[in-house]
>>> print(open('my_file.cif').read())   # mmCIF, C-alpha atoms and all ligand atoms
data_data
loop_
_atom_site.label_atom_id
_atom_site.label_comp_id
_atom_site.auth_asym_id
_atom_site.auth_seq_id
_atom_site.Cartn_x
_atom_site.Cartn_y
_atom_site.Cartn_z
CA MET A 287 -100.19 -92.30 -235.50
CA ASP A 288 -102.67 -93.54 -238.09
CA GLN A 289 -99.95 -94.39 -240.54
CA TRP A 290 -97.93 -96.26 -237.91
CA LYS A 291 -98.50 -99.88 -236.96
CA LYS A 292 -97.11 -101.10 -233.63
CA LEU A 293 -95.80 -104.61 -234.20
CA HIS A 294 -94.18 -105.88 -231.00
CA VAL A 295 -92.88 -104.78 -227.60
CA LEU A 296 -89.17 -103.94 -227.44
CA GLY A 297 -89.01 -103.19 -223.75
CA ALA A 298 -90.68 -101.45 -220.86
CA GLY A 299 -89.81 -98.50 -218.68
CA SER A 300 -91.32 -96.86 -215.62
CA PHE A 301 -93.54 -94.76 -217.99
CA GLY A 302 -95.05 -97.60 -220.07
CA LYS A 303 -94.01 -99.75 -223.03
CA VAL A 304 -91.68 -99.34 -226.01
CA TYR A 305 -92.92 -100.79 -229.33
CA TYR A 306 -91.33 -101.54 -232.68
CA ALA A 307 -93.47 -99.80 -235.30
CA ILE A 308 -93.53 -99.52 -239.07
CA ASN A 309 -94.69 -96.56 -241.10
CA MET A 310 -97.43 -97.62 -243.51
CA HIS A 311 -97.10 -94.37 -245.52
CA PRO A 312 -93.45 -93.37 -245.23
CA SER A 313 -93.83 -90.26 -247.37
CA SER A 314 -96.09 -88.56 -244.81
CA PHE A 315 -95.03 -86.23 -241.98
CA LEU A 316 -93.01 -88.74 -240.00
CA SER A 317 -90.72 -89.83 -242.77
CA ALA A 318 -88.85 -92.75 -241.11
CA SER A 319 -89.93 -96.23 -242.22
CA VAL A 320 -89.45 -97.89 -238.81
CA ALA A 321 -89.32 -96.43 -235.31
CA ALA A 322 -89.30 -97.29 -231.63
CA VAL A 323 -92.37 -95.79 -229.96
CA LYS A 324 -92.39 -95.06 -226.24
CA CYS A 325 -96.04 -95.07 -225.14
CA ALA A 326 -97.81 -93.94 -221.98
CA ASP A 327 -101.41 -93.23 -220.99
CA MET A 328 -101.90 -89.51 -221.55
CA HIS A 329 -102.43 -88.78 -217.82
CA ARG A 330 -99.10 -90.50 -216.97
CA SER A 331 -97.11 -89.07 -219.85
CA ILE A 332 -95.56 -85.93 -218.33
CA SER A 333 -92.05 -87.40 -218.20
CA LEU A 334 -92.34 -88.64 -221.82
CA GLN A 335 -93.50 -85.20 -222.93
CA GLN A 336 -90.53 -83.65 -221.10
CA GLU A 337 -88.23 -86.17 -222.78
CA ALA A 338 -89.63 -85.13 -226.18
CA GLU A 339 -88.85 -81.48 -225.36
CA ILE A 340 -85.32 -82.34 -224.26
CA LEU A 341 -84.69 -84.47 -227.35
CA THR A 342 -85.85 -81.60 -229.57
CA THR A 343 -83.03 -79.47 -228.14
CA LEU A 344 -80.53 -82.30 -228.68
CA LYS A 345 -81.22 -82.97 -232.37
CA ASP A 346 -78.39 -83.19 -234.88
CA SER A 347 -75.86 -85.26 -232.96
CA PRO A 348 -74.89 -88.68 -234.29
CA TYR A 349 -74.24 -89.69 -230.67
CA VAL A 350 -77.73 -89.03 -229.27
CA VAL A 351 -80.82 -91.04 -230.27
CA GLN A 352 -82.83 -89.07 -232.82
CA PHE A 353 -86.30 -87.80 -232.03
CA VAL A 354 -88.68 -88.55 -234.92
CA GLY A 355 -91.87 -86.95 -233.58
CA ALA A 356 -94.75 -87.31 -231.11
CA ASP A 357 -98.53 -87.60 -231.21
CA VAL A 358 -101.58 -88.76 -229.27
CA SER A 359 -103.62 -91.79 -230.35
CA ASN A 360 -106.66 -93.71 -229.10
CA ASP A 361 -105.32 -97.19 -229.72
CA SER A 362 -106.12 -98.89 -226.38
CA GLY A 363 -109.88 -98.56 -226.00
CA ASN A 364 -110.79 -94.94 -225.54
CA ILE A 365 -107.84 -93.98 -223.36
CA PRO A 366 -105.63 -91.40 -225.12
CA THR A 367 -102.06 -92.63 -225.47
CA TYR A 368 -99.02 -90.36 -225.83
CA ASN A 369 -96.51 -91.71 -228.39
CA LEU A 370 -92.88 -90.62 -228.56
CA PHE A 371 -91.22 -91.76 -231.80
CA LEU A 372 -87.48 -92.44 -231.81
CA GLU A 373 -85.13 -93.82 -234.42
CA TYR A 374 -85.04 -97.59 -234.02
CA ALA A 375 -81.86 -99.16 -232.59
CA SER A 376 -81.53 -102.57 -234.24
CA GLY A 377 -78.83 -103.72 -231.80
CA GLY A 378 -80.86 -103.16 -228.60
CA SER A 379 -79.06 -101.64 -225.63
CA LEU A 380 -75.43 -101.70 -224.51
CA HIS A 381 -76.63 -103.76 -221.55
CA ASP A 382 -77.76 -106.49 -223.99
CA LEU A 383 -74.40 -106.28 -225.78
CA ILE A 384 -72.46 -106.73 -222.52
CA ILE A 385 -74.65 -109.66 -221.42
CA ASN A 386 -74.34 -111.36 -224.83
CA SER A 387 -70.55 -110.98 -224.84
CA LYS A 388 -70.43 -112.43 -221.33
CA MET A 389 -72.62 -115.40 -222.24
CA ARG A 390 -70.48 -116.18 -225.28
CA ARG A 391 -67.36 -115.70 -223.13
CA ILE A 392 -66.07 -113.08 -225.53
CA GLN A 393 -64.47 -110.13 -223.82
CA MET A 394 -64.59 -106.83 -225.69
CA SER A 395 -61.10 -105.71 -226.67
CA GLU A 396 -59.81 -102.50 -225.08
CA VAL A 397 -59.66 -100.85 -228.49
CA GLU A 398 -63.33 -101.69 -229.01
CA VAL A 399 -64.24 -100.38 -225.56
CA GLY A 400 -62.15 -97.26 -226.21
CA PHE A 401 -64.04 -96.60 -229.43
CA TYR A 402 -67.38 -97.02 -227.65
CA ALA A 403 -66.17 -94.75 -224.83
CA TYR A 404 -65.24 -92.15 -227.47
CA GLN A 405 -68.78 -92.20 -228.84
CA LEU A 406 -70.28 -91.87 -225.36
CA LEU A 407 -67.96 -88.93 -224.63
CA LYS A 408 -69.08 -87.22 -227.85
CA GLY A 409 -72.70 -87.76 -226.77
CA ILE A 410 -71.94 -86.30 -223.33
CA GLN A 411 -70.17 -83.36 -224.98
CA HIS A 412 -73.31 -82.60 -227.01
CA VAL A 413 -75.63 -82.95 -224.01
CA HIS A 414 -73.44 -80.72 -221.79
CA GLU A 415 -72.92 -78.10 -224.49
CA LYS A 416 -76.69 -77.86 -224.92
CA GLY A 417 -77.01 -77.12 -221.19
CA TRP A 418 -78.17 -80.52 -219.86
CA VAL A 419 -76.86 -83.18 -217.51
CA HIS A 420 -78.17 -86.63 -218.49
CA CYS A 421 -78.17 -87.97 -214.88
CA ASP A 422 -78.85 -91.60 -215.85
CA ILE A 423 -76.06 -92.89 -218.08
CA LYS A 424 -75.82 -96.67 -217.77
CA PRO A 425 -75.58 -99.57 -220.25
CA ALA A 426 -79.40 -99.96 -220.40
CA ASN A 427 -79.71 -96.32 -221.52
CA VAL A 428 -77.20 -96.56 -224.36
CA LEU A 429 -78.64 -97.81 -227.67
CA VAL A 430 -76.68 -99.89 -230.17
CA PHE A 431 -76.83 -99.50 -233.95
CA ASP A 432 -75.14 -101.82 -236.40
CA ASN A 433 -72.43 -100.23 -238.44
CA ALA A 434 -71.40 -102.16 -241.52
CA GLU A 435 -68.69 -99.61 -242.39
CA ARG A 436 -66.44 -100.31 -239.45
CA GLY A 437 -65.89 -104.05 -239.51
CA GLY A 438 -68.49 -105.01 -236.92
CA MET A 439 -67.93 -102.03 -234.63
CA ARG A 440 -71.27 -100.68 -233.44
CA LYS A 441 -72.52 -97.12 -233.28
CA LEU A 442 -73.65 -96.14 -229.79
CA LYS A 443 -76.07 -93.37 -228.91
CA LEU A 444 -77.22 -91.91 -225.58
CA ALA A 445 -80.92 -92.44 -224.88
CA ASP A 446 -83.55 -92.09 -222.13
CA PHE A 447 -83.42 -88.44 -221.09
CA GLY A 448 -86.33 -88.82 -218.64
CA LEU A 449 -84.20 -87.75 -215.64
CA SER A 450 -82.08 -85.09 -217.34
CA LEU A 451 -81.59 -81.73 -215.67
CA ARG A 452 -81.15 -78.30 -217.19
CA VAL A 453 -77.88 -76.82 -215.92
CA PRO A 454 -77.04 -73.86 -218.17
CA LYS A 455 -73.42 -72.70 -218.09
CA GLY A 456 -72.49 -75.75 -216.05
CA VAL A 457 -74.18 -74.57 -212.85
CA ALA A 458 -75.02 -77.64 -210.80
CA TYR A 459 -78.36 -78.67 -209.37
CA MET A 460 -78.17 -79.35 -205.63
CA THR A 461 -80.81 -80.75 -203.32
CA GLY A 462 -78.65 -80.19 -200.24
CA ALA A 463 -79.98 -83.44 -198.75
CA THR A 464 -78.08 -86.68 -198.26
CA LEU A 465 -79.14 -89.77 -200.24
CA SER A 466 -81.15 -87.62 -202.69
CA ASN A 467 -79.63 -89.06 -205.84
CA ARG A 468 -81.65 -88.76 -209.04
CA GLY A 469 -80.34 -91.50 -211.32
CA THR A 470 -79.70 -95.25 -210.98
CA LEU A 471 -77.80 -95.94 -207.75
CA PRO A 472 -75.00 -98.30 -208.97
CA TYR A 473 -73.97 -95.60 -211.50
CA ALA A 474 -74.40 -92.59 -209.20
CA PRO A 475 -71.39 -90.54 -208.00
CA PRO A 476 -70.59 -90.00 -204.31
CA GLU A 477 -71.49 -86.28 -204.31
CA SER A 478 -75.06 -87.07 -205.36
CA LEU A 479 -75.43 -89.10 -202.15
CA THR A 480 -73.49 -86.92 -199.73
CA SER A 481 -75.11 -83.59 -200.73
CA GLY A 482 -77.48 -84.17 -203.66
CA PHE A 483 -74.99 -82.44 -205.99
CA HIS A 484 -75.89 -83.02 -209.68
CA GLY A 485 -73.46 -81.32 -212.06
CA ARG A 486 -71.78 -82.28 -215.31
CA ALA A 487 -69.30 -84.43 -213.37
CA TYR A 488 -72.27 -86.69 -212.54
CA ASP A 489 -72.34 -88.02 -216.11
CA ILE A 490 -68.58 -88.61 -216.14
CA TRP A 491 -68.74 -90.85 -213.07
CA SER A 492 -71.59 -92.84 -214.67
CA LEU A 493 -69.53 -93.10 -217.86
CA GLY A 494 -66.63 -94.54 -215.82
CA CYS A 495 -68.93 -97.20 -214.30
CA THR A 496 -70.30 -98.01 -217.79
CA VAL A 497 -66.87 -98.27 -219.42
CA ALA A 498 -65.61 -100.49 -216.57
CA GLU A 499 -68.62 -102.76 -217.12
CA MET A 500 -67.86 -103.04 -220.85
CA MET A 501 -64.25 -103.88 -220.06
CA THR A 502 -64.76 -106.44 -217.33
CA GLY A 503 -68.36 -107.64 -217.80
CA SER A 504 -69.05 -106.77 -214.14
CA ARG A 505 -70.41 -103.76 -212.31
CA VAL A 506 -67.94 -101.81 -210.21
CA TRP A 507 -69.85 -102.45 -206.98
CA ILE A 508 -70.81 -105.75 -205.35
CA TYR A 509 -73.31 -105.12 -202.55
CA ARG A 510 -75.71 -106.85 -200.20
CA ASN A 511 -78.47 -104.22 -200.16
CA THR A 512 -79.18 -100.57 -200.94
CA ARG A 513 -77.67 -99.28 -197.68
CA ASP A 514 -74.50 -101.23 -198.27
CA LEU A 515 -74.26 -99.84 -201.82
CA GLN A 516 -74.83 -96.26 -200.64
CA SER A 517 -72.14 -96.65 -198.01
CA GLN A 518 -69.65 -98.12 -200.51
CA ILE A 519 -70.24 -95.32 -203.04
CA MET A 520 -69.66 -92.63 -200.40
CA ASN A 521 -66.71 -94.23 -198.62
CA GLU A 522 -64.90 -96.64 -200.89
CA TYR A 523 -63.18 -96.75 -204.24
CA PRO A 524 -64.90 -98.64 -207.13
CA MET A 525 -63.44 -102.06 -207.91
CA ILE A 526 -62.17 -102.70 -211.42
CA ARG A 527 -62.25 -106.48 -211.66
CA GLY A 528 -60.20 -108.36 -214.23
CA ASN A 529 -57.20 -107.74 -216.38
CA VAL A 530 -57.11 -104.11 -217.38
CA SER A 531 -54.14 -102.37 -219.00
CA GLU A 532 -52.46 -99.46 -217.23
CA ILE A 533 -53.70 -96.96 -219.78
CA ALA A 534 -57.32 -98.17 -219.50
CA ASN A 535 -57.06 -98.23 -215.72
CA ASP A 536 -55.81 -94.65 -215.76
CA PHE A 537 -58.77 -93.58 -217.93
CA LEU A 538 -61.20 -95.19 -215.46
CA HIS A 539 -59.45 -93.54 -212.51
CA LYS A 540 -59.85 -90.12 -214.14
CA CYS A 541 -63.62 -90.74 -214.54
CA LEU A 542 -63.96 -92.10 -211.01
CA ILE A 543 -62.21 -89.36 -209.01
CA LYS A 544 -64.39 -88.90 -205.93
CA ASP A 545 -64.14 -85.10 -205.87
CA PRO A 546 -66.43 -83.81 -208.69
CA LEU A 547 -64.34 -80.66 -209.09
CA ARG A 548 -61.20 -82.72 -209.77
CA ARG A 549 -62.90 -85.38 -211.89
CA TRP A 550 -61.91 -85.05 -215.54
CA THR A 551 -64.30 -83.42 -218.01
CA TRP A 552 -65.32 -84.82 -221.42
CA GLU A 553 -62.88 -82.35 -222.95
CA GLN A 554 -59.93 -83.76 -221.01
CA LEU A 555 -61.03 -87.37 -221.43
CA LEU A 556 -61.28 -87.04 -225.22
CA GLN A 557 -57.55 -86.32 -225.14
CA HIS A 558 -56.68 -89.31 -222.98
CA PRO A 559 -54.39 -91.83 -224.71
CA PHE A 560 -56.93 -94.61 -224.09
CA ILE A 561 -59.40 -92.77 -226.34
CA GLN A 562 -56.82 -91.50 -228.79
CA GLN A 563 -55.43 -94.98 -229.44
CA ALA A 564 -58.92 -96.35 -230.11
CA VAL A 565 -59.76 -93.45 -232.42
CA CYS A 566 -56.59 -94.08 -234.39
CA SER A 567 -57.33 -97.78 -234.77
CA TRP A 568 -60.95 -97.45 -235.87
CA MET A 569 -61.53 -94.21 -237.64
CA PRO A 570 -60.85 -93.49 -241.28
CA GLU A 571 -57.85 -91.16 -241.69
CA THR A 572 -60.05 -88.16 -242.61
CA GLN A 573 -62.13 -88.38 -239.45
CA GLN A 574 -59.07 -89.00 -237.26
CA ARG A 575 -57.83 -85.48 -237.92
CA THR A 576 -60.84 -83.88 -236.24
CA ALA A 577 -61.05 -86.43 -233.45
CA ARG A 578 -57.33 -86.41 -232.69
CA VAL A 579 -56.81 -83.66 -230.21
CA ASN A 580 -54.03 -85.33 -228.27
CA PRO A 581 -50.80 -83.39 -228.69
CA PHE A 582 -48.91 -86.70 -228.81
CA GLY A 583 -50.82 -87.90 -231.92
CA CYS A 584 -51.28 -91.58 -232.65
CA ALA A 585 -47.97 -92.82 -233.91
CA VAL A 586 -45.95 -91.64 -230.95
CA PRO A 587 -45.96 -93.91 -227.90
CA VAL A 588 -47.27 -91.92 -224.94
CA PRO A 589 -44.81 -91.73 -222.03
CA GLU A 590 -46.46 -92.97 -218.84
CA LYS A 591 -45.58 -89.85 -216.88
CA HIS A 592 -48.00 -87.92 -219.09
CA PHE A 593 -51.05 -89.83 -218.08
CA ILE A 594 -50.51 -91.57 -214.75
CA ASN A 595 -51.11 -89.48 -211.62
N1 LIG B 601 -84.97 -96.33 -229.86
C1 LIG B 601 -85.04 -97.60 -229.44
N2 LIG B 601 -84.76 -98.61 -230.27
C2 LIG B 601 -84.79 -99.90 -229.85
N3 LIG B 601 -85.10 -100.27 -228.59
C3 LIG B 601 -85.41 -99.31 -227.71
C4 LIG B 601 -85.40 -97.93 -228.07
N4 LIG B 601 -85.73 -97.19 -226.98
C5 LIG B 601 -85.94 -98.07 -225.99
N5 LIG B 601 -85.76 -99.35 -226.40
C6 LIG B 601 -85.88 -100.58 -225.61
O1 LIG B 601 -86.86 -100.39 -224.61
C7 LIG B 601 -86.25 -100.54 -223.30
C8 LIG B 601 -86.90 -99.58 -222.32
O2 LIG B 601 -86.81 -98.23 -222.77
P1 LIG B 601 -86.19 -97.04 -221.93
O3 LIG B 601 -84.73 -97.21 -221.96
O4 LIG B 601 -86.65 -95.77 -222.46
O5 LIG B 601 -86.74 -97.26 -220.49
P2 LIG B 601 -85.88 -97.71 -219.22
O6 LIG B 601 -84.69 -96.84 -219.11
O7 LIG B 601 -85.58 -99.16 -219.30
O8 LIG B 601 -86.88 -97.45 -218.10
P3 LIG B 601 -86.96 -96.25 -217.10
O9 LIG B 601 -88.08 -95.42 -217.56
O10 LIG B 601 -87.23 -96.95 -215.81
O11 LIG B 601 -85.66 -95.50 -217.12
C9 LIG B 601 -84.77 -100.29 -223.52
O12 LIG B 601 -83.99 -100.92 -222.54
C10 LIG B 601 -84.56 -100.89 -224.91
O13 LIG B 601 -84.41 -102.31 -224.83
#
>>> encode(input="my_file.cif", output="structure tokens")
Amino acid sequence: MDQWKKLHVLGAGSFGKVYYAINMHPSSFLSASVAAVKCADMHRSISLQQEAEILTTLKDSPYVVQFVGADVSNDSGNIPTYNLFLEYASGGSLHDLIINSKMRRIQMSEVEVGFYAYQLLKGIQHVHEKGWVHCDIKPANVLVFDNAERGGMRKLKLADFGLSLRVPKGVAYMTGATLSNRGTLPYAPPESLTSGFHGRAYDIWSLGCTVAEMMTGSRVWIYRNTRDLQSQIMNEYPMIRGNVSEIANDFLHKCLIKDPLRRWTWEQLLQHPFIQQAVCSWMPETQQRTARVNPFGCAVPVPEKHFIN
């Protein structure tokens, strides 16, 4: 940590604070020149240390925040501090992006949302293939990076793996108890409340809530208190407020199927016309070929019967 200087606070989590830091000697072992540093007193740093371990297994995806390194310093008096270094996201979180768009009364276009949803699906693909379920996907846990190449379109990356669960070969984690959800309640799927079921489908439901929020600027649930929210998640269907096209609505419905075994997977969703259209609009031709897995391709209009249940 000696070569790093913490400059200002970027945010705070349940573990401690997140700082913006610059590397005073960028040629040394942590080679990045700037970083976000998640810090916690050593005796309260177990979840940060676990996050570091998880991030090590998730390296090498452009859709997951990159782990730069970790160390222990004595920078606040004599109390040892655990520091987790991450690549710095200059655009803040997706939550900030949604709030800013709302304040400026600029709604994200569906193509833009589709392109962001594509990136989140690729992140989920990587996380699931490495044997994890994120368990806390929400706009505040998605980081935004500027991307000059794509005309103002941002790069998004999944972050905050503090609640992630190891589920090798897709086996789910189950508490067996009602109301024993792990992640953030407004983004939690019904099965996590009815039986404590946490499988890969968990992340897909949270993705649906996140994509709906990008599209409409509002959360899918409006509730009076926690009990009301729990009851709505278990018994009702999420509300998509605002003007949403049929194709986008269909995508959301596939993410928000109540039965986790029938809910679409990242593999199926990557082929959905909502994603395919966005990919075709925003990706350079060379990258489209690998991303385009839809048998209909881009140029052909997709008949409704192929994607509406
Ligand atoms: N790599 C990063 N680059 C830029 N800002 C970051 C980075 N990581 C975190 N932040 C900022 O710090 C805030 C808090 O960090 P983090 O997301 O890890 O905690 P949290 O999810 O808000 O809290 P909790 O521990 O309760 O889940 C984020 O919302 C974001 O604004």
>>> residues_around(input="my_file.cif", residues="A:Asn535", least_positions_apart="3", cutoff="10 Å", atoms="all atoms listed in the file", output="PyMOL selection string")
chain A and resi 498+526+529-532+538-540+560+594
>>> closest_residue(input="my_file.cif", among="A:Ile519, A:Leu406, A:Ile490, A:Val413", to="A:Asn467", atoms="all atoms listed in the file")
A:Ile519
>>> closest_atom_pairs(input="my_file.cif", of="stretch 424-505 of chain A", to="stretch 328-346 of chain A", cutoff="8 Å", atoms="all atoms listed in the file", output="tab-separated table")
residue	atom	partner	partner_atom	distance
A:Asp446	CA	A:Glu337	CA	7.6
A:Phe447	CA	A:Glu337	CA	5.6
A:Gly448	CA	A:Glu337	CA	5.3
>>> residues_near_ligand(input="my_file.cif", ligand="ligand LIG 601 (chain B)", cutoff="6 Å", atoms="all atoms listed in the file", output="number ranges by chain")
A: 296-301, 304, 322, 372-375, 378-379, 426-427, 446
>>> residues_around(input="my_file.cif", residues="A:Leu493", least_positions_apart="4", cutoff="10 Å", atoms="all atoms listed in the file", output="PyMOL selection string")
chain A and resi 403+406-407+410+422-425+473-474+487-489+497-499+538+541-542+552
>>> closest_residue(input="my_file.cif", among="A:Phe483, A:Tyr305, A:Trp568, A:Tyr349", to="A:Gln405", atoms="all atoms listed in the file")
A:Tyr349
>>> closest_residue(input="my_file.cif", among="A:Val397, A:Cys495, A:Val430, A:Leu370", to="A:Gln562", atoms="all atoms listed in the file")
A:Val397
>>> closest_residue(input="my_file.cif", among="A:Met501, A:Leu465, A:Ala326, A:Val350", to="A:Leu429", atoms="all atoms listed in the file")
A:Val350
>>> atom_distance(input="my_file.cif", atom1="atom CA of A:Gln393", atom2="atom CA of A:Leu555")
23.1 Å
>>> atom_distance(input="my_file.cif", atom1="atom CA of A:Pro475", atom2="atom CA of A:Ser395")
26.2 Å
>>> closest_residue(input="my_file.cif", among="A:Met310, A:Tyr523, A:Pro366, A:Ser359", to="A:Leu293", atoms="all atoms listed in the file")
A:Met310
>>> atom_distance(input="my_file.cif", atom1="atom CA of A:Tyr404", atom2="atom CA of A:Val428")
13.1 Å
